[in-house]
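*Asks:* My structure file input.tsv, TSV, C-alpha atoms, is below:
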```tsv
chain	number	residue	atom	x	y	z
A	1	MET	CA	0.00	0.00	0.00
A	2	LYS	CA	1.45	3.34	-1.12
A	3	HIS	CA	1.43	6.20	1.38
A	4	VAL	CA	0.14	9.42	-0.20
A	5	SER	CA	0.54	12.88	1.35
A	6	ILE	CA	-1.83	15.57	0.10
A	7	LEU	CA	-0.41	18.88	1.28
A	8	ALA	CA	-2.68	21.33	3.11
A	9	LEU	CA	-0.99	24.39	1.63
A	10	ARG	CA	-1.99	27.96	2.30
A	11	ASP	CA	-3.52	29.76	-0.71
A	12	SER	CA	-4.35	26.40	-2.29
A	13	ASN	CA	-7.41	25.39	-4.27
A	14	PHE	CA	-9.83	23.55	-2.00
A	15	ALA	CA	-11.33	21.46	-4.81
A	16	SER	CA	-7.95	20.08	-5.91
A	17	ILE	CA	-7.33	18.76	-2.39
A	18	VAL	CA	-10.77	17.22	-2.05
A	19	ASP	CA	-10.76	15.75	-5.57
A	20	ALA	CA	-7.33	14.17	-5.14
A	21	ARG	CA	-8.46	12.53	-1.92
A	22	SER	CA	-11.77	11.41	-3.48
A	23	VAL	CA	-10.07	9.75	-6.47
A	24	LEU	CA	-7.61	7.77	-4.36
A	25	LEU	CA	-10.26	6.69	-1.85
A	26	LYS	CA	-12.52	5.62	-4.71
A	27	VAL	CA	-9.73	3.34	-5.94
A	28	ASN	CA	-9.58	1.71	-2.50
A	29	GLU	CA	-13.36	1.32	-2.51
A	30	LEU	CA	-13.41	-0.35	-5.92
A	31	LEU	CA	-10.60	-2.68	-4.89
A	32	ALA	CA	-12.48	-3.63	-1.72
A	33	LEU	CA	-15.54	-4.59	-3.80
A	34	ASN	CA	-13.31	-7.16	-5.52
A	35	HIS	CA	-11.86	-8.32	-2.19
A	36	GLN	CA	-8.48	-6.81	-2.96
A	37	PRO	CA	-6.27	-4.86	-0.55
A	38	LYS	CA	-6.24	-1.05	-0.56
A	39	ALA	CA	-3.78	0.61	-2.91
A	40	PHE	CA	-3.37	3.93	-1.08
A	41	ASP	CA	-2.96	5.13	2.48
A	42	VAL	CA	-4.08	8.75	2.02
A	43	GLN	CA	-3.39	11.51	4.53
A	44	ILE	CA	-3.80	15.28	4.49
A	45	VAL	CA	-0.43	16.60	5.63
A	46	GLY	CA	0.27	20.05	7.05
A	47	MET	CA	2.76	22.09	9.05
A	48	GLN	CA	0.25	23.63	11.46
A	49	GLY	CA	-3.32	23.22	12.64
A	50	ASP	CA	-6.34	24.04	10.51
A	51	THR	CA	-5.54	25.83	7.26
A	52	SER	CA	-8.05	28.45	6.16
A	53	LEU	CA	-8.72	28.69	2.41
A	54	SER	CA	-10.69	30.93	0.03
A	55	ASP	CA	-10.87	33.90	2.43
A	56	GLY	CA	-12.04	31.71	5.28
A	57	LEU	CA	-14.81	29.95	3.34
A	58	TYR	CA	-13.16	26.55	3.84
A	59	SER	CA	-10.89	25.02	6.43
A	60	ILE	CA	-8.61	22.00	5.96
A	61	HIS	CA	-7.73	19.91	9.00
A	62	PRO	CA	-4.41	18.05	8.50
A	63	GLU	CA	-4.34	14.46	9.73
A	64	VAL	CA	-0.59	14.49	10.36
A	65	MET	CA	2.15	17.11	10.57
A	66	THR	CA	5.27	17.04	8.42
A	67	ASP	CA	7.60	16.82	11.42
A	68	ALA	CA	5.83	13.64	12.53
A	69	LEU	CA	5.79	12.03	9.08
A	70	LYS	CA	9.23	10.61	8.43
A	71	LYS	CA	8.53	8.92	5.10
A	72	THR	CA	5.93	9.07	2.36
A	73	GLU	CA	5.87	7.66	-1.15
A	74	LEU	CA	3.78	10.12	-3.15
A	75	ILE	CA	3.30	13.84	-2.41
A	76	ILE	CA	0.41	15.67	-4.04
A	77	ILE	CA	0.83	19.44	-4.27
A	78	PRO	CA	-2.59	21.07	-4.79
A	79	ALA	CA	-3.24	23.92	-7.20
A	80	LEU	CA	-2.42	27.38	-5.86
A	81	GLU	CA	-4.60	30.48	-6.07
A	82	GLY	CA	-3.97	34.22	-6.24
A	83	ASP	CA	-0.51	35.64	-6.81
A	84	MET	CA	1.82	32.70	-7.47
A	85	MET	CA	4.93	34.21	-5.91
A	86	SER	CA	3.05	35.17	-2.75
A	87	ALA	CA	1.49	31.71	-2.57
A	88	THR	CA	4.82	29.91	-2.88
A	89	HIS	CA	6.43	32.26	-0.37
A	90	ASN	CA	3.62	31.59	2.11
A	91	ASN	CA	4.36	27.87	1.84
A	92	ARG	CA	8.16	28.13	1.75
A	93	PHE	CA	8.62	26.11	4.95
A	94	TYR	CA	7.34	22.99	3.15
A	95	VAL	CA	10.27	23.03	0.75
A	96	ASP	CA	12.86	21.32	2.94
A	97	TRP	CA	10.43	18.53	3.76
A	98	ILE	CA	9.42	18.05	0.10
A	99	VAL	CA	13.06	17.91	-1.04
A	100	LYS	CA	13.99	15.54	1.77
A	101	GLN	CA	11.16	13.15	0.84
A	102	TYR	CA	12.10	13.27	-2.85
A	103	LYS	CA	15.66	12.30	-1.91
A	104	LYS	CA	14.12	9.34	-0.07
A	105	ASN	CA	12.54	8.28	-3.40
A	106	ALA	CA	9.12	9.82	-2.89
A	107	GLU	CA	7.43	10.91	-6.12
A	108	ILE	CA	5.72	14.29	-6.38
A	109	ALA	CA	2.62	15.31	-8.33
A	110	ALA	CA	1.92	19.03	-8.76
A	111	LEU	CA	-1.65	19.79	-9.75
A	112	CYS	CA	-2.05	22.72	-12.16
A	113	THR	CA	-0.44	25.85	-10.62
A	114	GLY	CA	1.05	23.66	-7.90
A	115	ALA	CA	3.94	23.48	-10.39
A	116	PHE	CA	5.04	26.87	-9.03
A	117	MET	CA	5.63	25.24	-5.65
A	118	LEU	CA	7.60	22.48	-7.34
A	119	GLY	CA	9.62	25.08	-9.25
A	120	PHE	CA	10.21	27.00	-6.03
A	121	SER	CA	11.65	23.85	-4.44
A	122	GLY	CA	14.42	23.69	-7.05
A	123	LEU	CA	13.63	20.09	-7.92
A	124	LEU	CA	12.54	21.03	-11.44
A	125	ARG	CA	15.86	22.58	-12.38
A	126	ASN	CA	16.81	21.36	-15.88
A	127	LYS	CA	13.69	19.17	-15.95
A	128	LYS	CA	10.36	19.31	-17.77
A	129	CYS	CA	6.91	20.21	-16.48
A	130	THR	CA	3.59	21.77	-17.43
A	131	THR	CA	1.15	24.10	-15.69
A	132	HIS	CA	-1.98	26.14	-16.38
A	133	TRP	CA	-1.54	27.78	-19.79
A	134	GLN	CA	-2.60	31.17	-18.38
A	135	TYR	CA	0.43	31.17	-16.08
A	136	ALA	CA	2.93	29.87	-18.64
A	137	ASN	CA	4.61	33.22	-19.27
A	138	GLU	CA	4.91	33.89	-15.54
A	139	PHE	CA	6.34	30.43	-14.91
A	140	ARG	CA	8.95	30.85	-17.65
A	141	TYR	CA	9.91	34.24	-16.26
A	142	PHE	CA	10.52	33.00	-12.71
A	143	TYR	CA	11.91	29.56	-13.60
A	144	PRO	CA	13.90	29.94	-16.85
A	145	ASN	CA	15.94	26.81	-16.07
A	146	VAL	CA	12.81	24.61	-16.30
A	147	GLU	CA	11.59	23.33	-19.67
A	148	LEU	CA	7.89	24.21	-19.63
A	149	ILE	CA	5.82	22.15	-22.05
A	150	ASP	CA	2.63	24.13	-21.61
A	151	GLU	CA	0.75	22.44	-24.46
A	152	LYS	CA	0.70	19.12	-22.56
A	153	ILE	CA	-1.97	17.99	-20.11
A	154	ILE	CA	0.51	15.78	-18.22
A	155	VAL	CA	4.31	15.83	-18.00
A	156	GLU	CA	6.44	13.36	-16.03
A	157	HIS	CA	10.19	13.70	-15.47
A	158	ASN	CA	12.21	11.70	-12.95
A	159	GLY	CA	9.29	11.03	-10.62
A	160	LEU	CA	7.99	14.62	-10.81
A	161	TYR	CA	4.50	14.85	-12.30
A	162	SER	CA	2.65	18.00	-13.34
A	163	SER	CA	-0.66	18.81	-15.01
A	164	GLY	CA	-2.06	21.58	-17.17
A	165	GLY	CA	-4.85	24.05	-16.52
A	166	SER	CA	-7.54	23.70	-13.87
A	167	ASN	CA	-9.51	20.46	-14.46
A	168	ALA	CA	-6.50	18.87	-16.16
A	169	TYR	CA	-5.50	17.68	-12.69
A	170	TRP	CA	-8.21	15.01	-13.03
A	171	ASN	CA	-6.21	13.52	-15.89
A	172	LEU	CA	-3.06	13.52	-13.79
A	173	LEU	CA	-4.87	11.82	-10.91
A	174	LEU	CA	-6.16	9.13	-13.28
A	175	PHE	CA	-2.68	8.79	-14.76
A	176	LEU	CA	-1.32	8.14	-11.26
A	177	VAL	CA	-3.99	5.49	-10.67
A	178	GLU	CA	-2.96	3.77	-13.89
A	179	ARG	CA	0.74	4.10	-13.02
A	180	PHE	CA	0.46	2.73	-9.47
A	181	VAL	CA	-2.52	0.36	-9.71
A	182	SER	CA	-3.83	-0.54	-13.17
A	183	ARG	CA	-5.31	0.76	-16.39
A	184	GLU	CA	-8.52	-1.07	-15.57
A	185	LEU	CA	-8.96	0.77	-12.27
A	186	SER	CA	-8.14	4.06	-13.95
A	187	ILE	CA	-10.92	3.47	-16.48
A	188	GLN	CA	-13.40	2.57	-13.74
A	189	VAL	CA	-12.59	5.72	-11.77
A	190	ALA	CA	-12.81	7.84	-14.92
A	191	LYS	CA	-16.27	6.46	-15.62
A	192	TYR	CA	-17.40	7.05	-12.05
A	193	PHE	CA	-16.34	10.71	-12.08
A	194	VAL	CA	-17.31	11.12	-15.78
A	195	VAL	CA	-13.84	12.26	-16.88
A	196	ASN	CA	-12.37	12.00	-20.37
A	197	LEU	CA	-9.46	9.70	-19.60
A	198	ASP	CA	-6.94	10.17	-22.38
A	199	LYS	CA	-6.69	13.89	-23.05
A	200	VAL	CA	-3.04	14.67	-23.78
A	201	ASN	CA	-2.98	18.31	-24.91
A	202	GLN	CA	-4.38	21.57	-23.59
A	203	THR	CA	-3.58	23.42	-26.80
A	204	PRO	CA	-7.25	23.87	-27.86
A	205	PHE	CA	-7.84	25.80	-24.62
A	206	ILE	CA	-4.78	28.06	-24.70
A	207	ILE	CA	-5.32	31.78	-25.24
A	208	PHE	CA	-2.09	33.24	-26.57
A	209	ASN	CA	-0.82	36.21	-24.60
A	210	GLY	CA	2.71	37.21	-25.56
A	211	LEU	CA	5.26	37.56	-22.77
A	212	LYS	CA	5.81	41.26	-22.06
A	213	ASP	CA	7.36	41.24	-18.61
A	214	HIS	CA	10.84	41.70	-20.09
A	215	GLU	CA	12.48	45.13	-20.13
A	216	ASP	CA	13.54	45.31	-23.78
A	217	THR	CA	11.59	48.33	-25.03
A	218	LEU	CA	12.49	47.78	-28.68
A	219	ILE	CA	11.13	44.24	-28.58
A	220	LEU	CA	7.96	45.50	-26.89
A	221	GLN	CA	7.56	47.88	-29.83
A	222	ALA	CA	7.93	44.96	-32.23
A	223	GLN	CA	5.32	42.94	-30.32
A	224	GLU	CA	2.89	45.84	-30.34
A	225	PHE	CA	3.46	46.38	-34.06
A	226	ILE	CA	2.78	42.71	-34.84
A	227	GLU	CA	-0.39	42.66	-32.72
A	228	ALA	CA	-1.71	45.83	-34.39
A	229	ASN	CA	-0.78	44.89	-37.96
A	230	TYR	CA	-0.92	41.07	-38.12
A	231	PRO	CA	-3.31	41.00	-41.16
A	232	GLN	CA	-0.64	42.72	-43.24
A	233	LYS	CA	2.46	41.16	-44.72
A	234	ILE	CA	5.16	41.42	-42.06
A	235	THR	CA	8.74	40.27	-42.57
A	236	VAL	CA	11.56	39.87	-40.06
A	237	ASP	CA	13.82	42.12	-42.13
A	238	GLU	CA	11.26	44.94	-42.18
A	239	LEU	CA	10.80	44.76	-38.43
A	240	ALA	CA	14.54	44.75	-37.83
A	241	ASP	CA	14.96	47.79	-40.10
A	242	LYS	CA	12.13	49.59	-38.36
A	243	LEU	CA	13.95	49.17	-35.03
A	244	HIS	CA	17.38	49.95	-36.52
A	245	LEU	CA	18.74	46.53	-35.58
A	246	THR	CA	20.51	43.88	-37.61
A	247	ARG	CA	18.29	40.88	-38.32
A	248	ARG	CA	20.50	38.59	-36.23
A	249	THR	CA	20.46	40.93	-33.21
A	250	PHE	CA	16.71	41.49	-33.55
A	251	GLU	CA	15.90	37.77	-33.70
A	252	ARG	CA	18.18	37.01	-30.74
A	253	ARG	CA	16.65	39.75	-28.56
A	254	PHE	CA	13.09	38.84	-29.61
A	255	LYS	CA	13.62	35.19	-28.70
A	256	LYS	CA	15.20	36.13	-25.37
A	257	GLY	CA	12.36	38.46	-24.45
A	258	THR	CA	9.31	36.52	-25.67
A	259	HIS	CA	10.53	32.89	-25.74
A	260	CYS	CA	9.20	32.79	-29.32
A	261	SER	CA	10.83	33.40	-32.66
A	262	VAL	CA	9.43	36.37	-34.59
A	263	ILE	CA	7.64	34.08	-37.04
A	264	GLU	CA	6.19	31.94	-34.24
A	265	TYR	CA	4.92	35.06	-32.51
A	266	LEU	CA	3.25	36.34	-35.66
A	267	GLN	CA	1.69	32.95	-36.31
A	268	LYS	CA	0.30	32.70	-32.78
A	269	VAL	CA	-1.16	36.22	-32.94
A	270	ARG	CA	-2.87	35.40	-36.24
A	271	ILE	CA	-4.17	32.05	-35.01
A	272	GLU	CA	-5.51	33.66	-31.83
A	273	ALA	CA	-7.37	36.22	-33.97
A	274	SER	CA	-8.78	33.42	-36.14
A	275	LYS	CA	-9.95	31.49	-33.07
A	276	LYS	CA	-11.97	34.49	-31.90
A	277	GLU	CA	-13.60	34.77	-35.32
A	278	LEU	CA	-14.35	31.03	-35.38
A	279	GLU	CA	-15.95	31.28	-31.95
A	280	THR	CA	-18.46	33.89	-33.13
A	281	GLY	CA	-19.45	31.64	-36.01
A	282	ARG	CA	-20.44	34.54	-38.26
A	283	LYS	CA	-17.82	34.16	-41.01
A	284	SER	CA	-16.68	31.31	-43.18
A	285	ILE	CA	-13.25	29.80	-42.62
A	286	ASP	CA	-12.11	31.08	-46.03
A	287	GLU	CA	-13.07	34.63	-45.06
A	288	ILE	CA	-11.22	34.34	-41.75
A	289	ILE	CA	-8.10	33.00	-43.45
A	290	LEU	CA	-7.80	36.13	-45.57
A	291	GLU	CA	-8.68	38.50	-42.71
A	292	VAL	CA	-5.89	37.26	-40.44
A	293	GLY	CA	-3.19	37.58	-43.08
A	294	TYR	CA	-2.96	34.23	-44.89
A	295	SER	CA	-3.34	33.81	-48.63
A	296	ASP	CA	-2.89	30.05	-48.71
A	297	ALA	CA	-5.63	28.01	-47.04
A	298	GLN	CA	-3.52	24.88	-46.58
A	299	THR	CA	-0.72	26.83	-44.88
A	300	PHE	CA	-3.28	28.33	-42.48
A	301	ARG	CA	-4.80	24.94	-41.69
A	302	ASP	CA	-1.38	23.38	-41.06
A	303	ILE	CA	-0.33	26.19	-38.71
A	304	PHE	CA	-3.71	26.20	-36.96
A	305	LYS	CA	-3.46	22.46	-36.31
A	306	ARG	CA	0.11	22.79	-35.03
A	307	VAL	CA	-0.74	25.66	-32.66
A	308	THR	CA	-4.11	24.47	-31.36
A	309	GLY	CA	-3.93	20.70	-31.77
A	310	THR	CA	-7.18	20.70	-33.75
A	311	THR	CA	-8.45	21.73	-37.19
A	312	PRO	CA	-10.32	24.98	-37.86
A	313	VAL	CA	-13.52	23.04	-38.60
A	314	GLU	CA	-13.24	21.03	-35.38
A	315	TYR	CA	-12.54	24.19	-33.40
A	316	LYS	CA	-15.54	25.99	-34.93
A	317	ASN	CA	-17.84	23.04	-34.25
A	318	ARG	CA	-16.71	22.94	-30.64
A	319	TYR	CA	-16.84	26.65	-29.76
A	320	ALA	CA	-19.02	28.52	-32.28
A	321	ARG	CA	-22.19	30.08	-30.92
```
Take the structure in the file and give it back as structure tokens.
*Replies:*
Amino acid sequence: MKHVSILALRDSNFASIVDARSVLLKVNELLALNHQPKAFDVQIVGMQGDTSLSDGLYSIHPEVMTDALKKTELIIIPALEGDMMSATHNNRFYVDWIVKQYKKNAEIAALCTGAFMLGFSGLLRNKKCTTHWQYANEFRYFYPNVELIDEKIIVEHNGLYSSGGSNAYWNLLLFLVERFVSRELSIQVAKYFVVNLDKVNQTPFIIFNGLKDHEDTLILQAQEFIEANYPQKITVDELADKLHLTRRTFERRFKKGTHCSVIEYLQKVRIEASKKELETGRKSIDEIILEVGYSDAQTFRDIFKRVTGTTPVEYKNRYAR
């Protein structure tokens, strides 16, 4: 039986704590129906007494304190709420315990924005993870030595698991059930909670918002120009000339500031504009293609599929009014 510690963090999402506990206890319940031993010994673990969440609306009562728990096998870090840096700072005293348990071969699953806590611990250095797409720019800014794969629903690297935005943590929880128990149990739990089991990408849900927290004013000008003029023909050379930079210097500084190449940035701005048009459902796909700056329909469809993980028709059918 695997011991699981669900952390009662301050500024954490109440639902992610409750749902993690519910999934693992449901596994035990289903196993018991088949006269099989429990798979998980689940405890809510804290560093103090009751933890107040959501401005006092909820209160979590830890079952055991970290100083009394010498060894665990799986740590679940719930999603965090509010300002991520404040939230991780408020839970900074958990870090030593988390790192110590990882060195004792415990595995760690960070749900959604819980990845910020995992990044804060230093364990993700030179490793891969994912998090909520809305916080991707912020995560890259604070943890540049982590390879963020924000299009993925689930990422695993050396016993460190992470999940994408909000409800994506359900997929990570089911993934853990499959990893530690069986695929069959994972399917049963997915059916019970009515969860789509095998989602792998969160790209259809991502709203592109270019990183602008850098301090390179010339690159900010380039970003603003692209976002204001994306339907027009824009070339890297023209942008570089406009800013009085060599193409090589411009591309290097743009990549450093935005974590995108100039072409990638332009493509994502155009695709984001096309998504908004597709969501209204008022225009044909051919009309939208021309309006966002593409002359070749196949090129647009290829880029749209690469950026969003779905075709324009599929996206329109899913989101159009």
*Asks:* Could you check how far atom CA of Ile76 of chain A sits from atom CA of Tyr102 of chain A, in Å to one decimal?
*Replies:*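 It comes out at 12.0 Å.
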*Asks:* Ranking A:Val177, A:Ile75, A:Val95, A:Val236 by minimum distance to Arg252 of chain A and counting only C-alpha atoms, which one comes first?
*Replies:*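 Closest to Arg252 of chain A of all the choices is A:Val236.
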*Asks:* Residues within 10 Å of (-8.6, 1.6, -11.0), file coordinates, counting all atoms listed in the file: what are they? Give the list as a ChimeraX atom specification.
*Replies:* /A:23-24,26-31,39,174,176-190
*Asks:* Using only C-alpha atoms, which residue out of A:Met1, A:Cys129, A:Leu266, A:Met84 lies closest to Gln36 of chain A?
*Replies:*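 Distance minimum relative to Gln36 of chain A lands on A:Met1.
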*Asks:* Could you give me, as a ChimeraX atom specification, the residues that sit within 10 Å of (-10.9, 32.4, -32.7) in the file's coordinates, counting only C-alpha atoms?
*Replies:* /A:207,270-281,288,312,315-316,319-320
*Asks:* Put the listed atoms of segment 186-202 of chain A in a box along x, y and z with 4 Å added on every side and give me the centre and edge lengths in Å to one decimal, as JSON.
*Replies:*
```
{"center_x": -10.2, "center_y": 12.1, "center_z": -18.3, "size_x": 22.4, "size_y": 27.0, "size_z": 21.1}
```
*Asks:* So that I can see what lies close to His214 of chain A, please list as a ChimeraX atom specification the residues with an atom at most 8 Å from it, counting all atoms listed in the file and leaving out residues fewer than 3 positions away in the same chain.
*Replies:* /A:211,257-258
*Asks:* Interatomic distance between atom CA of Val64 of chain A and atom CA of Asp11 of chain A?
*Replies:*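 Straight-line distance from atom CA of Val64 of chain A to atom CA of Asp11 of chain A works out to 19.1 Å.
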*Asks:* Provide the atom CA of Val262 of chain A to atom CA of Ile219 of chain A distance in Å, to one decimal place.
*Replies:*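 The value is 10.0 Å.
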*Asks:* Smallest atom-to-atom distance to Pro144 of chain A: which of A:Leu124, A:Ala240, A:Leu218, A:Leu245, using only C-alpha atoms?
*Replies:*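 Of A:Leu124, A:Ala240, A:Leu218, A:Leu245, the one nearest Pro144 of chain A is A:Leu124, counting only C-alpha atoms.
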*Asks:* Measuring between all atoms listed in the file, which one of A:Ser22, A:Asn137, A:Asn90, A:Ser12 shows the shortest distance to Leu173 of chain A?
*Replies:*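 Of all the options, A:Ser22 lies closest to Leu173 of chain A.
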*Asks:* Pick out the closest residue to Trp97 of chain A from this set: A:Cys260, A:Ala32, A:Ile289, A:Leu7. Count only C-alpha atoms.
*Replies:*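 Going through A:Cys260, A:Ala32, A:Ile289, A:Leu7 one by one, the smallest distance to Trp97 of chain A is for A:Leu7.
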*Asks:* As a list in words, please: the residues near Gly46 of chain A (cut-off 8 Å, all atoms listed in the file, same-chain neighbours under 3 positions excluded).
*Replies:*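 Those residues are Leu7, Ala8, Leu9, Gly49, Pro62, Glu63, Val64, Met65 and Thr66 of chain A.
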*Asks:* If we count only C-alpha atoms, what is near Ala79 of chain A at a cut-off of 12 Å, once residues fewer than 5 positions away on the same chain are taken out, given as a PyMOL selection string?
*Replies:* chain A and resi 6-20+84+87-88+109-118+131-132+162-170
*Asks:* Keeping only C-alpha atoms, write the selected residues to a file as a JSON list (two decimals), in the frame of the given file.
*Replies:*
```
[["chain", "number", "residue", "atom", "x", "y", "z"],
["A", 6, "ILE", "CA", -1.83, 15.57, 0.10],
["A", 7, "LEU", "CA", -0.41, 18.88, 1.28],
["A", 8, "ALA", "CA", -2.68, 21.33, 3.11],
["A", 9, "LEU", "CA", -0.99, 24.39, 1.63],
["A", 10, "ARG", "CA", -1.99, 27.96, 2.30],
["A", 11, "ASP", "CA", -3.52, 29.76, -0.71],
["A", 12, "SER", "CA", -4.35, 26.40, -2.29],
["A", 13, "ASN", "CA", -7.41, 25.39, -4.27],
["A", 14, "PHE", "CA", -9.83, 23.55, -2.00],
["A", 15, "ALA", "CA", -11.33, 21.46, -4.81],
["A", 16, "SER", "CA", -7.95, 20.08, -5.91],
["A", 17, "ILE", "CA", -7.33, 18.76, -2.39],
["A", 18, "VAL", "CA", -10.77, 17.22, -2.05],
["A", 19, "ASP", "CA", -10.76, 15.75, -5.57],
["A", 20, "ALA", "CA", -7.33, 14.17, -5.14],
["A", 84, "MET", "CA", 1.82, 32.70, -7.47],
["A", 87, "ALA", "CA", 1.49, 31.71, -2.57],
["A", 88, "THR", "CA", 4.82, 29.91, -2.88],
["A", 109, "ALA", "CA", 2.62, 15.31, -8.33],
["A", 110, "ALA", "CA", 1.92, 19.03, -8.76],
["A", 111, "LEU", "CA", -1.65, 19.79, -9.75],
["A", 112, "CYS", "CA", -2.05, 22.72, -12.16],
["A", 113, "THR", "CA", -0.44, 25.85, -10.62],
["A", 114, "GLY", "CA", 1.05, 23.66, -7.90],
["A", 115, "ALA", "CA", 3.94, 23.48, -10.39],
["A", 116, "PHE", "CA", 5.04, 26.87, -9.03],
["A", 117, "MET", "CA", 5.63, 25.24, -5.65],
["A", 118, "LEU", "CA", 7.60, 22.48, -7.34],
["A", 131, "THR", "CA", 1.15, 24.10, -15.69],
["A", 132, "HIS", "CA", -1.98, 26.14, -16.38],
["A", 162, "SER", "CA", 2.65, 18.00, -13.34],
["A", 163, "SER", "CA", -0.66, 18.81, -15.01],
["A", 164, "GLY", "CA", -2.06, 21.58, -17.17],
["A", 165, "GLY", "CA", -4.85, 24.05, -16.52],
["A", 166, "SER", "CA", -7.54, 23.70, -13.87],
["A", 167, "ASN", "CA", -9.51, 20.46, -14.46],
["A", 168, "ALA", "CA", -6.50, 18.87, -16.16],
["A", 169, "TYR", "CA", -5.50, 17.68, -12.69],
["A", 170, "TRP", "CA", -8.21, 15.01, -13.03]]
```
*Asks:* Please provide the set of residues having any atom within 12 Å of Ala228 of chain A, restricted to only C-alpha atoms, with same-chain residues fewer than 3 positions apart removed, written as a list in words.
*Replies:*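 With the cut-off at 12 Å, the set is Gln221, Ala222, Gln223, Glu224, Phe225, Pro231, Gln232, Ile234, Leu266, Val269, Arg270, Ala273 and Val292 of chain A.
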*Asks:* From the coordinates supplied, segment 11-16 of chain A should be written with all heavy atoms, as a tab-separated table (two decimals), in the first residue's frame.
*Replies:*
```tsv
chain	number	residue	atom	x	y	z
A	11	ASP	N	-3.23	29.21	0.61
A	11	ASP	CA	-3.52	29.76	-0.71
A	11	ASP	C	-3.70	28.66	-1.76
A	11	ASP	O	-3.43	28.87	-2.95
A	11	ASP	CB	-2.40	30.71	-1.18
A	11	ASP	CG	-2.17	31.84	-0.20
A	11	ASP	OD1	-3.15	32.51	0.16
A	11	ASP	OD2	-1.01	32.05	0.21
A	12	SER	N	-4.14	27.49	-1.33
A	12	SER	CA	-4.35	26.40	-2.29
A	12	SER	C	-5.82	26.29	-2.67
A	12	SER	O	-6.71	26.84	-2.00
A	12	SER	CB	-3.85	25.07	-1.73
A	12	SER	OG	-4.51	24.74	-0.52
A	13	ASN	N	-6.07	25.60	-3.77
A	13	ASN	CA	-7.41	25.39	-4.27
A	13	ASN	C	-8.06	24.24	-3.52
A	13	ASN	O	-7.60	23.10	-3.59
A	13	ASN	CB	-7.36	25.11	-5.78
A	13	ASN	CG	-8.70	24.79	-6.37
A	13	ASN	OD1	-9.10	23.64	-6.40
A	13	ASN	ND2	-9.40	25.81	-6.84
A	14	PHE	N	-9.15	24.54	-2.84
A	14	PHE	CA	-9.83	23.55	-2.00
A	14	PHE	C	-10.25	22.33	-2.81
A	14	PHE	O	-10.07	21.18	-2.38
A	14	PHE	CB	-11.04	24.21	-1.33
A	14	PHE	CG	-11.86	23.28	-0.48
A	14	PHE	CD1	-11.43	22.92	0.78
A	14	PHE	CD2	-13.07	22.80	-0.94
A	14	PHE	CE1	-12.19	22.06	1.58
A	14	PHE	CE2	-13.84	21.95	-0.15
A	14	PHE	CZ	-13.41	21.58	1.10
A	15	ALA	N	-10.81	22.57	-4.00
A	15	ALA	CA	-11.33	21.46	-4.81
A	15	ALA	C	-10.24	20.48	-5.20
A	15	ALA	O	-10.46	19.26	-5.22
A	15	ALA	CB	-12.01	22.01	-6.07
A	16	SER	N	-9.03	20.98	-5.49
A	16	SER	CA	-7.95	20.08	-5.91
A	16	SER	C	-7.53	19.15	-4.77
A	16	SER	O	-7.13	18.01	-5.01
A	16	SER	CB	-6.76	20.87	-6.43
A	16	SER	OG	-6.17	21.67	-5.42
```
